[in-house]
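What follows is a single structure, written as structure tokens, with notes after it.
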Amino acid sequence: MAIWLKKGISAEDDAAQVAKVRKTVEDILADIEERGDAAVRELSQKFDNWNPAEFRLTRPQIDECVKSLPKQVIEDIKFAQQQIRNFAQIQRDALRDVEVETLPGVVLGHKNIPVNSVGCYVPGGKYPMVASAHMSIVTAKVAGVKRIIACAPPYQGKPHPAIVAAMHLAGANEIYALGGVQAIGAMALGTSSIKPTDMIAGPGNAFVAEAKRQLSGRVGIDLFAGPTETLVIADDAVDGEMCATDLLGQAEHGPNSPAILLTTSRALAEDTMKEIDRQLPVLPTGEVAGQAWRDYGQVIVCKDNAEMVKVADRIVSEHVQVMTRDNDYFLNRMTNFGAMFVGPETNVSYGDKVIGTNHTLPTRKAARYTGGLWVGKFIKTCTYQKVKPEATAMIGEYCSRLCEVEGFAGHKEQADLRVRRYARRRAA
């Protein structure tokens with residue numbers, strides 16, 4: 001039976017906090033829908049102290065941001081985007097249009113069609129999340145989206161040059177220095193200066209996540225992204241320093257980011273907690289990471305790998321870092337996770353920033369039913385059918401009888417008309 005050496009606030013316990021933002025977001029979205037650009041401008045001034053002549057950046061402004069960055073930063077952005085582009089293209093190539101004759105004269109198929117427009121949100125208020133530009137914009141571009149607009153809040157009173165450069169190099173058609181619910185609302189609902197999009201993608205704070213939830217259905221969304229979650233599954237194959245580093249590396253995302261250690265080694269569990277206490281005072285982001293660890297951190301000791309799998313699948317973590325003597329045991333058996341990082345040689349930071357897999361992942365147990373952002377999220381798989389005259393009478397007879405069972409007279413007549421029109425050809 002699993003033993004908790006440290007317990008924290010669970011996602012379920014924290015649900016009440018999520019509900020508190022609902023009314024605020026409802027009011028903001030209603031205001032944007034009613035007053036458009038005027039509401040967006042007032043909200044930007046209120047929340048970001050940002051009131052430029054135009055929120056959309058001009059090409060000279062974009063070029064200036066790119067030129068202001070060191071050459072190494074540009075090269076690093078390009079490297080990261082190339083890895084993400086490569087893997088997204090591999091995923092896109094796995095999606096194939098199909099057309100097959102399922103019965104004589106009956107041809108069924110599907111086409112993979114990219115959505116026409118996407119609004120990509122890049123967080124940047126607390127940390128300038130440059131990598132989020134790669135994850136949404138590059139992936140949408142590979143999917144074949146024709147119009148990609150991107151929004152990020154100002155950072156320290158101006159557009160962040162690295163975020164702007166990443167948006168531009170990723171292929172955004174329009175770039176706006178605009179953040180928060182006002183950005184999500186403008187991209188989804190549209191204003192006189194911002195044409196609405198068909199879909200919204202990208203992570204954000206609790207207000208951004210709630211705005212996406214409320215707008216879901218009016219526009220498509222990638223997924224509901226809450227606070228970052230990380231689960232480290234380890235045994236005595238690794239030490240406390242590595243476990244502590246990987247836990248705190250994700251806890252620094254925010255004060256409500258759960259970081260959990262799951263292990264079969266009590267000695268490793270105790271060593272990891274001591275190592276966290278040692279690292280926090282010297283970690284520049286230790287104040288945030290420390291609060292997250294204090295309030296949401298957990299340490300769980302299990303009897304064996306099988307129990308760790310069961311507990312891990314109940315936790316349903318966004319990120320799972322596996323560092324054991326048999327890492328594939330977990331890769332082959334776990335079913336509920338956003339992304340897995342197999343072995344001590346890799347880590348969540350690689351996935352967050354550069355390696356090629358997408359970092360926009362399901363949280364709050366959503367990994368029970370969905371994966372993370374990938375090229376397929378921007379693609380609609382649309383079916384079609386073609387039926388030859390000699391086949392439609394046969395299909396129509398089956399359809400007619402089934403419609404009669406359901407009481408759908410109009411449906412039945414659609415089938416009966418084809419039977420009457422094409423039965424002679426079938427007989428011939």
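Just so we're on the same page: first chain in the structure tokens is A, next is B, and so on; residues restart at 1 for each chain, and ligands are numbered from 1 in the order they show up.
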Next item on the list: Could you tell me, as a ChimeraX atom specification, which residues of stretch 80-186 of chain A DSSP assigns to helix (DSSP H, G or I) when given the backbone?
Entry: /A:80-94,130-143,161-170,180-186
Which stretch 141-229 of chain A residues have any atom within 9 Å of an atom of stretch 75-92 of chain A, and for each, what is the nearest pair of atoms with distance in Å to one decimal, counting only C-alpha atoms, rows sorted by chain and number, as a Markdown table?
| residue | atom | partner | partner_atom | distance |
| --- | --- | --- | --- | --- |
| A:Lys141 | CA | A:Arg85 | CA | 8.7 |
| A:Val142 | CA | A:Gln89 | CA | 6.2 |
| A:Ala143 | CA | A:Arg92 | CA | 6.6 |
| A:Ala162 | CA | A:Ile77 | CA | 8.5 |
| A:Ala165 | CA | A:Ile77 | CA | 8.4 |
| A:Ala166 | CA | A:Ile77 | CA | 6.5 |
| A:Leu169 | CA | A:Lys78 | CA | 7.5 |
| A:Ala170 | CA | A:Gln81 | CA | 7.0 |
Notebook entry, point to check: So, counting only C-alpha atoms, which residue among A:Arg213, A:Arg368, A:Lys67, A:His319 is closest to A:Val342?
Noted result: A:His319
Note to self: Here is a test: counting only C-alpha atoms, which residue of A:Trp50, A:Tyr329, A:Phe408, A:Tyr350 is nearest to A:Ala131?
What the structure shows: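 Smallest separation from A:Ala131 among the options: A:Tyr350.
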Notebook entry, point to check: For A:Ile113, which residue among A:Gly144, A:Gly249, A:Gly125, A:Gly217 is the nearest when counting only C-alpha atoms?
Noted result: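 Smallest separation from A:Ile113 among the options: A:Gly144.
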Closest contacts (stretch 299-335 of chain A/stretch 261-276 of chain A, max 10 Å, only C-alpha atoms) as CSV:
residue,atom,partner,partner_atom,distance
A:Val299,CA,A:Leu261,CA,4.8
A:Ile300,CA,A:Leu262,CA,4.9
A:Val301,CA,A:Thr263,CA,5.0
A:Cys302,CA,A:Thr264,CA,4.9
A:Lys303,CA,A:Thr264,CA,5.7
A:Asp304,CA,A:Thr264,CA,5.8
A:Asn305,CA,A:Thr264,CA,7.3
A:Glu307,CA,A:Thr264,CA,9.1
A:Met308,CA,A:Leu262,CA,6.8
A:Val309,CA,A:Leu262,CA,9.5
A:Val311,CA,A:Leu262,CA,8.3
A:Ala312,CA,A:Leu262,CA,7.8
A:Gln321,CA,A:Leu261,CA,9.6
A:Val322,CA,A:Leu262,CA,9.6
A:Met323,CA,A:Thr263,CA,9.7
A:Thr324,CA,A:Thr263,CA,9.0
Next item on the list: Go through A:Gly190, A:Gly157, A:Pro104, A:Gly124 one by one, measure the shortest atom-to-atom distance of each to A:Glu33 using only C-alpha atoms, and give the residue with the smallest value.
Entry: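 Checking each of A:Gly190, A:Gly157, A:Pro104, A:Gly124 against A:Glu33, counting only C-alpha atoms, the winner is A:Gly190.
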Find the residues around A:Leu57 up to 6 Å (only C-alpha atoms counted), leave out those fewer than 3 positions away in its own chain, and share them as a compact mmCIF listing (two decimals) with C-alpha atoms, in the first residue's frame.
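File written: selection.txt
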# COMPACT_ATOMS: atom_id res chain seq x y z
CA GLN A 61 8.70 46.92 -35.47
CA ILE A 175 1.47 39.72 -34.49
CA TYR A 176 -0.20 41.68 -31.67
Margin query: Show me, as a list in words, the residues that have an atom within 10 Å of A:Val208 when counting only C-alpha atoms, minus same-chain residues fewer than 2 positions from it.
Written below: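 Residues near the query, excluding close chain neighbours: Val21, Val25, Tyr121, Pro123, Gly179, Gly180, Val181, Gln182, Ala183, Ile184, Gly185, Gly202, Pro203, Gly204, Asn205, Ala206, Glu210, Ala211, Lys212, Arg213, Gln214, Phe224, Ala225 and Gly226 of chain A.
Taking atom CA of A:Ala186 and atom CA of A:Ile379 as endpoints, the distance between them is 22.5 Å.
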Check: So what do you get for atom CA of A:Thr335 versus atom CA of A:Arg294, distance-wise?
Finding: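 Between these atoms lies a distance of 28.2 Å.
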Note to self: Excluding stretch 34-41 of chain A and its own-chain neighbours fewer than 4 positions away, which residues fall within 12 Å of it when counting only C-alpha atoms? Please give them as JSON, numbers by chain.
What the structure shows: {"A": [27, 28, 29, 30, 45, 46, 47, 48, 49, 50, 51, 52, 53, 54, 55, 177, 178, 179, 180, 181, 182, 183, 184, 185, 186, 187, 188, 189, 190, 191, 192, 193, 194, 195, 196]}
